[in-house]
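Text of the file upload.pdb, holding PDB, C-alpha atoms and all ligand atoms:
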MODEL        1
ATOM      1  CA  MET A  21       0.000   0.000   0.000
ATOM      2  CA  THR A  22       1.194   3.526  -0.808
ATOM      3  CA  SER A  23       2.573   5.471   2.096
ATOM      4  CA  TYR A  24       2.867   9.230   2.063
ATOM      5  CA  PRO A  25       5.833  11.165   3.515
ATOM      6  CA  ILE A  26       4.182  13.823   5.670
ATOM      7  CA  CYS A  27       6.244  16.461   7.455
ATOM      8  CA  ASP A  28       3.381  18.561   8.809
ATOM      9  CA  LEU A  29      -0.389  18.335   9.050
ATOM     10  CA  PHE A  30      -2.366  21.076  10.744
ATOM     11  CA  ALA A  31      -5.497  23.191  10.594
ATOM     12  CA  SER A  32      -5.241  26.930  10.102
ATOM     13  CA  ILE A  33      -6.472  29.682   7.846
ATOM     14  CA  GLN A  34      -5.271  29.929   4.298
ATOM     15  CA  GLY A  35      -3.107  33.002   4.710
ATOM     16  CA  GLU A  36      -2.333  33.840   1.081
ATOM     17  CA  GLY A  37      -3.685  33.810  -2.453
ATOM     18  CA  SER A  38      -7.307  33.992  -3.621
ATOM     19  CA  TRP A  39      -8.694  31.964  -0.711
ATOM     20  CA  THR A  40      -7.122  34.053   2.039
ATOM     21  CA  GLY A  41      -9.099  33.694   5.252
ATOM     22  CA  ARG A  42     -10.575  30.270   4.484
ATOM     23  CA  PRO A  43     -10.076  27.656   7.226
ATOM     24  CA  VAL A  44      -8.323  24.613   5.803
ATOM     25  CA  VAL A  45      -6.354  21.534   6.751
ATOM     26  CA  PHE A  46      -2.822  21.754   5.365
ATOM     27  CA  VAL A  47      -1.112  18.506   4.406
ATOM     28  CA  ARG A  48       2.564  19.218   3.895
ATOM     29  CA  PHE A  49       4.522  16.555   2.001
ATOM     30  CA  SER A  50       8.205  16.049   2.479
ATOM     31  CA  GLY A  51      10.595  16.483  -0.452
ATOM     32  CA  CYS A  52      10.970  18.852  -3.396
ATOM     33  CA  PRO A  53      13.111  18.600  -6.548
ATOM     34  CA  LEU A  54      13.940  22.330  -6.398
ATOM     35  CA  ARG A  55      16.262  24.265  -4.093
ATOM     36  CA  CYS A  56      15.018  27.840  -3.912
ATOM     37  CA  ASP A  57      17.528  29.741  -1.786
ATOM     38  CA  TRP A  58      14.711  31.608   0.004
ATOM     39  CA  CYS A  59      12.570  28.498   0.609
ATOM     40  CA  ASP A  60      10.456  29.253   3.671
ATOM     41  CA  GLU A  61       9.431  25.637   4.260
ATOM     42  CA  PRO A  62      12.582  24.025   5.716
ATOM     43  CA  LEU A  63      10.575  21.289   7.416
ATOM     44  CA  HIS A  64      10.134  19.428   4.152
ATOM     45  CA  ARG A  65      13.895  18.752   4.060
ATOM     46  CA  ASP A  66      14.154  17.635   7.672
ATOM     47  CA  PRO A  67      14.362  13.812   7.833
ATOM     48  CA  GLN A  68      13.401  13.966  11.518
ATOM     49  CA  ALA A  69      10.086  15.602  10.612
ATOM     50  CA  VAL A  70       8.902  12.910   8.196
ATOM     51  CA  ARG A  71       6.200  10.439   9.135
ATOM     52  CA  ARG A  72       5.015   7.841   6.655
ATOM     53  CA  LEU A  73       1.253   7.407   6.707
ATOM     54  CA  ASN A  74      -0.800   5.076   4.563
ATOM     55  CA  LEU A  75      -3.999   6.319   2.941
ATOM     56  CA  ASP A  76      -6.315   5.292   5.782
ATOM     57  CA  GLU A  77      -4.037   6.766   8.435
ATOM     58  CA  LEU A  78      -3.708  10.003   6.492
ATOM     59  CA  LEU A  79      -7.485  10.345   5.996
ATOM     60  CA  ARG A  80      -8.101   9.658   9.688
ATOM     61  CA  GLU A  81      -5.591  12.291  10.719
ATOM     62  CA  ILE A  82      -7.026  14.897   8.329
ATOM     63  CA  THR A  83     -10.502  14.288   9.765
ATOM     64  CA  SER A  84      -9.263  14.396  13.322
ATOM     65  CA  VAL A  85      -7.076  17.518  12.960
ATOM     66  CA  GLY A  86      -9.661  19.304  10.825
ATOM     67  CA  ALA A  87     -12.607  18.727  13.192
ATOM     68  CA  GLY A  88     -15.273  19.545  10.605
ATOM     69  CA  ILE A  89     -13.234  21.801   8.308
ATOM     70  CA  PRO A  90     -14.322  20.781   4.782
ATOM     71  CA  SER A  91     -11.253  22.010   2.863
ATOM     72  CA  VAL A  92      -7.807  20.487   2.396
ATOM     73  CA  VAL A  93      -4.708  22.077   0.881
ATOM     74  CA  LEU A  94      -1.997  19.708  -0.354
ATOM     75  CA  THR A  95       1.344  21.447  -0.219
ATOM     76  CA  GLY A  96       5.008  20.832   0.431
ATOM     77  CA  GLY A  97       7.662  20.431  -0.404
ATOM     78  CA  GLU A  98       6.176  19.379  -3.700
ATOM     79  CA  PRO A  99       2.903  17.412  -3.732
ATOM     80  CA  LEU A 100       3.180  16.632  -7.460
ATOM     81  CA  ILE A 101       6.096  14.245  -6.957
ATOM     82  CA  GLN A 102       4.192  12.083  -4.468
ATOM     83  CA  PRO A 103       3.229   8.588  -5.633
ATOM     84  CA  GLY A 104      -0.445   7.942  -4.886
ATOM     85  CA  LEU A 105      -1.404  11.618  -5.092
ATOM     86  CA  GLN A 106      -4.439  10.958  -7.297
ATOM     87  CA  GLU A 107      -5.620   8.144  -5.030
ATOM     88  CA  LEU A 108      -5.481  10.514  -2.062
ATOM     89  CA  ILE A 109      -7.364  13.267  -3.908
ATOM     90  CA  LEU A 110     -10.088  10.841  -4.999
ATOM     91  CA  ALA A 111     -10.479   9.530  -1.451
ATOM     92  CA  LEU A 112     -10.763  13.078  -0.093
ATOM     93  CA  LYS A 113     -13.314  13.984  -2.770
ATOM     94  CA  GLN A 114     -15.346  10.899  -1.885
ATOM     95  CA  GLN A 115     -15.477  12.169   1.681
ATOM     96  CA  GLY A 116     -16.816  15.520   0.445
ATOM     97  CA  TYR A 117     -13.687  17.647   0.823
ATOM     98  CA  TRP A 118     -12.820  20.649  -1.338
ATOM     99  CA  VAL A 119      -9.245  19.833  -2.340
ATOM    100  CA  ALA A 120      -6.622  22.354  -3.388
ATOM    101  CA  MET A 121      -2.949  21.982  -4.225
ATOM    102  CA  GLU A 122      -0.054  24.421  -4.084
ATOM    103  CA  THR A 123       2.723  23.461  -6.470
ATOM    104  CA  SER A 124       5.810  24.737  -8.265
ATOM    105  CA  GLY A 125       4.552  22.769 -11.293
ATOM    106  CA  VAL A 126       7.670  20.557 -11.311
ATOM    107  CA  GLY A 127       7.537  16.796 -11.094
ATOM    108  CA  GLY A 128       4.245  15.633 -12.594
ATOM    109  CA  VAL A 129       0.915  16.474 -14.175
ATOM    110  CA  PHE A 130      -1.961  18.163 -12.376
ATOM    111  CA  PRO A 131      -4.675  15.690 -11.324
ATOM    112  CA  ILE A 132      -7.927  16.880 -12.923
ATOM    113  CA  GLU A 133      -9.953  16.005  -9.815
ATOM    114  CA  LEU A 134      -8.512  18.957  -7.897
ATOM    115  CA  ASP A 135     -10.865  21.830  -7.076
ATOM    116  CA  TRP A 136      -8.148  24.437  -7.045
ATOM    117  CA  ILE A 137      -4.553  24.593  -8.254
ATOM    118  CA  THR A 138      -2.192  27.339  -7.148
ATOM    119  CA  LEU A 139       0.851  27.411  -9.369
ATOM    120  CA  SER A 140       3.844  29.145  -7.840
ATOM    121  CA  PRO A 141       6.439  28.963 -10.629
ATOM    122  CA  LYS A 142      10.099  28.768  -9.656
ATOM    123  CA  THR A 143      11.573  27.560 -12.922
ATOM    124  CA  SER A 144      10.662  27.368 -16.602
ATOM    125  CA  LEU A 145       7.365  25.540 -17.248
ATOM    126  CA  THR A 146       5.169  24.681 -20.220
ATOM    127  CA  ASP A 147       2.308  26.959 -21.263
ATOM    128  CA  GLU A 148      -0.067  24.093 -20.474
ATOM    129  CA  CYS A 149       1.111  24.092 -16.889
ATOM    130  CA  TYR A 150       0.298  27.805 -16.521
ATOM    131  CA  GLN A 151      -3.030  27.439 -18.322
ATOM    132  CA  SER A 152      -4.150  24.529 -16.118
ATOM    133  CA  ALA A 153      -3.720  26.490 -12.891
ATOM    134  CA  HIS A 154      -6.626  28.369 -11.300
ATOM    135  CA  GLU A 155      -4.247  30.991  -9.987
ATOM    136  CA  ILE A 156      -0.620  31.839 -10.675
ATOM    137  CA  LYS A 157       1.253  33.221  -7.714
ATOM    138  CA  PHE A 158       4.703  34.664  -8.314
ATOM    139  CA  VAL A 159       6.961  35.051  -5.288
ATOM    140  CA  ILE A 160       8.846  38.330  -5.678
ATOM    141  CA  VAL A 161      12.433  38.878  -4.582
ATOM    142  CA  ALA A 162      14.027  42.338  -4.917
ATOM    143  CA  PRO A 163      15.617  43.330  -7.213
ATOM    144  CA  LEU A 164      13.259  41.802  -9.750
ATOM    145  CA  ASP A 165      14.853  39.365 -12.176
ATOM    146  CA  PRO A 166      14.196  40.717 -15.720
ATOM    147  CA  ASN A 167      13.255  37.225 -16.938
ATOM    148  CA  LEU A 168      10.672  36.903 -14.183
ATOM    149  CA  GLU A 169       9.337  40.367 -14.971
ATOM    150  CA  GLN A 170       8.874  39.266 -18.579
ATOM    151  CA  THR A 171       7.100  36.057 -17.529
ATOM    152  CA  ILE A 172       4.759  37.976 -15.211
ATOM    153  CA  GLY A 173       4.004  40.458 -18.008
ATOM    154  CA  HIS A 174       3.264  37.610 -20.402
ATOM    155  CA  TRP A 175       0.881  35.739 -18.106
ATOM    156  CA  MET A 176      -0.937  38.722 -16.672
ATOM    157  CA  GLU A 177      -2.185  39.360 -20.219
ATOM    158  CA  ARG A 178      -3.258  35.755 -20.739
ATOM    159  CA  HIS A 179      -4.513  34.404 -17.407
ATOM    160  CA  GLY A 180      -7.359  35.797 -15.340
ATOM    161  CA  ARG A 181      -5.806  35.388 -11.923
ATOM    162  CA  VAL A 182      -2.166  36.319 -11.458
ATOM    163  CA  LEU A 183      -0.820  37.372  -8.075
ATOM    164  CA  VAL A 184       2.485  38.690  -6.826
ATOM    165  CA  GLN A 185       3.615  37.959  -3.283
ATOM    166  CA  PRO A 186       6.649  39.382  -1.475
ATOM    167  CA  VAL A 187       9.187  36.833  -0.330
ATOM    168  CA  ALA A 188       9.455  36.164   3.405
ATOM    169  CA  ARG A 189      12.789  35.862   5.150
ATOM    170  CA  ASN A 190      13.100  34.611   8.710
ATOM    171  CA  GLU A 191       9.316  34.479   8.990
ATOM    172  CA  THR A 192       9.017  38.162   8.033
ATOM    173  CA  MET A 193       7.806  39.785   4.848
ATOM    174  CA  ASP A 194      10.688  41.449   3.018
ATOM    175  CA  PRO A 195       9.759  45.170   2.861
ATOM    176  CA  GLU A 196      11.696  45.839  -0.336
ATOM    177  CA  ALA A 197       9.931  42.966  -2.097
ATOM    178  CA  ALA A 198       6.599  44.234  -0.728
ATOM    179  CA  ARG A 199       7.199  47.696  -2.216
ATOM    180  CA  LEU A 200       8.116  46.087  -5.512
ATOM    181  CA  CYS A 201       4.889  44.049  -5.492
ATOM    182  CA  TYR A 202       2.889  47.203  -4.817
ATOM    183  CA  GLN A 203       4.530  48.931  -7.777
ATOM    184  CA  LEU A 204       3.921  45.935 -10.048
ATOM    185  CA  VAL A 205       0.245  45.746  -9.094
ATOM    186  CA  MET A 206      -0.332  49.476  -9.499
ATOM    187  CA  ALA A 207       1.354  49.472 -12.914
ATOM    188  CA  SER A 208      -0.550  46.404 -14.162
ATOM    189  CA  ARG A 209      -3.770  48.167 -15.173
ATOM    190  CA  GLY A 210      -5.748  45.839 -12.929
ATOM    191  CA  ARG A 211      -4.199  42.608 -14.221
ATOM    192  CA  LEU A 212      -2.188  41.721 -11.113
ATOM    193  CA  ARG A 213      -3.307  41.228  -7.528
ATOM    194  CA  LEU A 214      -1.311  41.451  -4.334
ATOM    195  CA  SER A 215      -0.991  38.371  -2.131
ATOM    196  CA  LEU A 216       0.334  38.791   1.409
ATOM    197  CA  GLN A 217       1.113  36.054   3.911
ATOM    198  CA  THR A 218      -1.479  37.185   6.443
ATOM    199  CA  HIS A 219      -1.027  34.136   8.682
ATOM    200  CA  ARG A 220       2.403  35.499   9.638
ATOM    201  CA  TRP A 221       0.777  38.627  11.089
ATOM    202  CA  LEU A 222      -1.504  36.419  13.173
ATOM    203  CA  GLY A 223       1.509  34.476  14.403
ATOM    204  CA  VAL A 224       0.077  31.178  13.141
ATOM    205  CA  ARG A 225       1.253  28.657  10.570
TER     206      ARG A 225
HETATM  207  S1  LIG B   1       9.622  24.909  -4.796
HETATM  208 FE1  LIG B   1       8.752  25.546  -2.830
HETATM  209  S2  LIG B   1       9.208  23.874  -1.406
HETATM  210 FE2  LIG B   1      10.534  23.592  -3.215
HETATM  211  S3  LIG B   1      12.455  24.601  -2.629
HETATM  212 FE3  LIG B   1      11.217  26.108  -3.760
HETATM  213  S4  LIG B   1      10.076  27.231  -2.169
HETATM  214 FE4  LIG B   1      10.893  25.353  -1.210
ENDMDL
END

Represent the structure from my file as structure tokens, please.
Amino acid sequence: MTSYPICDLFASIQGEGSWTGRPVVFVRFSGCPLRCDWCDEPLHRDPQAVRRLNLDELLREITSVGAGIPSVVLTGGEPLIQPGLQELILALKQQGYWVAMETSGVGGVFPIELDWITLSPKTSLTDECYQSAHEIKFVIVAPLDPNLEQTIGHWMERHGRVLVQPVARNETMDPEAARLCYQLVMASRGRLRLSLQTHRWLGVR
């Protein structure tokens, strides 16, 4: 039976993106093929943090931790690289959950059963990958990489929901990146939205 490497599982509010403020159960998988130098999820690389749960154990824990919360966000690390991902999504859907995924887009194809896909690109991806996402969320580091600026400009003209979010360092929003995001949004003629990690202000995960 498939077992899933889980490094964190908790209930909180969705702090960022289009569903900010929604209570959800976060399932954080261990492992990611990328190495972003500002990665703010170190737990997914910590071997001590990993627990392997089979499907039944994982579903039980989601139900128990969530205590009636009907929404699950699969995140990481990178959920797309997890064997058995589709099986998990189908099982959650059968139980009536709204299921979302946050992904860098690297490591697999998006399961069509998902209710919501947040693509947070960190490397070059196919057009199909961008088009399949419900929202595209670019993490912004100052100064802005000209290639990233070009990619944002391209997709804000072609996708209905593109967000920019300032990078966080040491659990704190980077003020320079935040100013840059503000400027990008204001110059976008209404095409870009600002995403802020509001859970950090609440002092919760
Ligand atoms: S893609 Fe996400 S989880 Fe992976 S290294 Fe980059 S920020 Fe961290």

Take every atom of ligand LIG 1 (chain B) listed in the file, fit an axis-aligned box around them, add 4 Å per side, and give the centre and edge lengths in Å to one decimal as JSON.
{"center_x": 10.6, "center_y": 25.4, "center_z": -3.0, "size_x": 11.7, "size_y": 11.6, "size_z": 11.6}

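The residue that comes closest to ligand LIG 1 (chain B), out of A:Met193, A:Ala207, A:Ala120, A:Leu54 and on the basis of only C-alpha atoms and all ligand atoms, is A:Leu54.
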
Shell of 7 Å around Leu212 (chain A), all atoms listed in the file, local chain residues under 3 positions omitted, as a ChimeraX atom specification: /A:176,182-183,205,208

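Here CA of Arg213 (chain A) and CA of Asn167 (chain A) stand 19.5 Å from one another.
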
Contacts to ligand LIG 1 (chain B) at 10 Å cut-off (all atoms listed in the file) as a count of residues only: 34

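Using only C-alpha atoms for every distance, the candidate list A:Ile172, A:Leu222, A:Ala188, A:Val44 yields A:Ile172 as the residue closest to Leu204 (chain A).
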
Explicit residues for the PyMOL selection byres (((chain A and resi 106-117) around 8) and not hetatm) (as a ChimeraX atom specification): /A:75,79,90-92,104-105,118-119,131,133-134

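Taking CA of Val85 (chain A) as the reference point, CA of Val47 (chain A) is found at 10.5 Å.
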
Residues selected by the PyMOL selection byres (((chain A and resi 203) around 12) and not hetatm), written as a list in words: Ile160, Ala162, Leu164, Val184, Gln185, Pro186, Glu196, Ala197, Ala198, Arg199, Leu200, Cys201, Tyr202, Leu204, Val205, Met206, Ala207, Ser208, Arg209, Gly210, Leu212, Arg213 and Leu214 of chain A

Distance of CA of Gln151 (chain A) from CA of Thr138 (chain A), expressed in Å to one decimal place: 11.2 Å

Result set, the PyMOL selection byres (((chain A and resi 70) around 8) and not hetatm) on current file, as a PyMOL selection string: chain A and resi 25-28+50+64+66-69+71-72

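Distances to Gly88 (chain A) were evaluated for A:Gly223, A:Ile137, A:Ala31, A:Ser23 using only C-alpha atoms, and the minimum falls at A:Ala31.
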
Fix up region 121-147 of chain A with N, CA and C atoms, then write it as an mmCIF file, in the frame of the given file.
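The new file result02.cif reads:
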data_model
loop_
_atom_site.group_PDB
_atom_site.id
_atom_site.type_symbol
_atom_site.label_atom_id
_atom_site.label_comp_id
_atom_site.auth_asym_id
_atom_site.auth_seq_id
_atom_site.Cartn_x
_atom_site.Cartn_y
_atom_site.Cartn_z
ATOM 1 N N MET A 121 -4.375 22.345 -4.235
ATOM 2 C CA MET A 121 -2.949 21.982 -4.225
ATOM 3 C C MET A 121 -2.115 23.224 -4.524
ATOM 4 N N GLU A 122 -1.021 23.364 -3.799
ATOM 5 C CA GLU A 122 -0.054 24.421 -4.084
ATOM 6 C C GLU A 122 1.201 23.752 -4.622
ATOM 7 N N THR A 123 1.643 24.175 -5.796
ATOM 8 C CA THR A 123 2.723 23.461 -6.470
ATOM 9 C C THR A 123 3.639 24.411 -7.224
ATOM 10 N N SER A 124 4.897 23.993 -7.386
ATOM 11 C CA SER A 124 5.810 24.737 -8.265
ATOM 12 C C SER A 124 5.600 24.313 -9.722
ATOM 13 N N GLY A 125 4.806 23.271 -9.940
ATOM 14 C CA GLY A 125 4.552 22.769 -11.293
ATOM 15 C C GLY A 125 5.597 21.776 -11.763
ATOM 16 N N VAL A 126 6.576 21.452 -10.911
ATOM 17 C CA VAL A 126 7.670 20.557 -11.311
ATOM 18 C C VAL A 126 7.424 19.165 -10.748
ATOM 19 N N GLY A 127 7.541 18.162 -11.611
ATOM 20 C CA GLY A 127 7.537 16.796 -11.094
ATOM 21 C C GLY A 127 6.349 15.949 -11.473
ATOM 22 N N GLY A 128 5.376 16.475 -12.218
ATOM 23 C CA GLY A 128 4.245 15.633 -12.594
ATOM 24 C C GLY A 128 3.176 16.431 -13.305
ATOM 25 N N VAL A 129 2.035 15.774 -13.534
ATOM 26 C CA VAL A 129 0.915 16.474 -14.175
ATOM 27 C C VAL A 129 -0.151 16.757 -13.111
ATOM 28 N N PHE A 130 -0.944 17.779 -13.350
ATOM 29 C CA PHE A 130 -1.961 18.163 -12.376
ATOM 30 C C PHE A 130 -3.135 17.186 -12.435
ATOM 31 N N PRO A 131 -3.479 16.548 -11.324
ATOM 32 C CA PRO A 131 -4.675 15.690 -11.324
ATOM 33 C C PRO A 131 -5.923 16.526 -11.602
ATOM 34 N N ILE A 132 -6.773 16.070 -12.512
ATOM 35 C CA ILE A 132 -7.927 16.880 -12.923
ATOM 36 C C ILE A 132 -9.002 16.925 -11.836
ATOM 37 N N GLU A 133 -8.918 16.043 -10.855
ATOM 38 C CA GLU A 133 -9.953 16.005 -9.815
ATOM 39 C C GLU A 133 -9.831 17.160 -8.822
ATOM 40 N N LEU A 134 -8.724 17.874 -8.866
ATOM 41 C CA LEU A 134 -8.512 18.957 -7.897
ATOM 42 C C LEU A 134 -9.528 20.079 -8.102
ATOM 43 N N ASP A 135 -9.944 20.688 -6.995
ATOM 44 C CA ASP A 135 -10.865 21.830 -7.076
ATOM 45 C C ASP A 135 -10.124 23.139 -7.322
ATOM 46 N N TRP A 136 -8.884 23.180 -6.917
ATOM 47 C CA TRP A 136 -8.148 24.437 -7.045
ATOM 48 C C TRP A 136 -6.651 24.138 -7.125
ATOM 49 N N ILE A 137 -6.004 24.757 -8.107
ATOM 50 C CA ILE A 137 -4.553 24.593 -8.254
ATOM 51 C C ILE A 137 -3.895 25.966 -8.185
ATOM 52 N N THR A 138 -3.003 26.127 -7.226
ATOM 53 C CA THR A 138 -2.192 27.339 -7.148
ATOM 54 C C THR A 138 -0.821 26.996 -7.690
ATOM 55 N N LEU A 139 -0.473 27.630 -8.791
ATOM 56 C CA LEU A 139 0.851 27.411 -9.369
ATOM 57 C C LEU A 139 1.767 28.536 -8.902
ATOM 58 N N SER A 140 2.859 28.151 -8.270
ATOM 59 C CA SER A 140 3.844 29.145 -7.840
ATOM 60 C C SER A 140 5.152 28.822 -8.572
ATOM 61 N N PRO A 141 5.324 29.387 -9.772
ATOM 62 C CA PRO A 141 6.439 28.963 -10.629
ATOM 63 C C PRO A 141 7.790 29.384 -10.056
ATOM 64 N N LYS A 142 8.746 28.469 -10.129
ATOM 65 C CA LYS A 142 10.099 28.768 -9.656
ATOM 66 C C LYS A 142 11.128 28.523 -10.749
ATOM 67 N N THR A 143 10.670 27.914 -11.836
ATOM 68 C CA THR A 143 11.573 27.560 -12.922
ATOM 69 C C THR A 143 10.754 27.560 -14.221
ATOM 70 N N SER A 144 11.412 27.265 -15.344
ATOM 71 C CA SER A 144 10.662 27.368 -16.602
ATOM 72 C C SER A 144 9.663 26.200 -16.719
ATOM 73 N N LEU A 145 8.463 26.511 -17.175
ATOM 74 C CA LEU A 145 7.365 25.540 -17.248
ATOM 75 C C LEU A 145 6.679 25.645 -18.604
ATOM 76 N N THR A 146 5.906 24.636 -18.947
ATOM 77 C CA THR A 146 5.169 24.681 -20.220
ATOM 78 C C THR A 146 3.972 25.640 -20.098
ATOM 79 N N ASP A 147 3.510 26.116 -21.247
ATOM 80 C CA ASP A 147 2.308 26.959 -21.263
ATOM 81 C C ASP A 147 1.124 26.203 -20.666
#
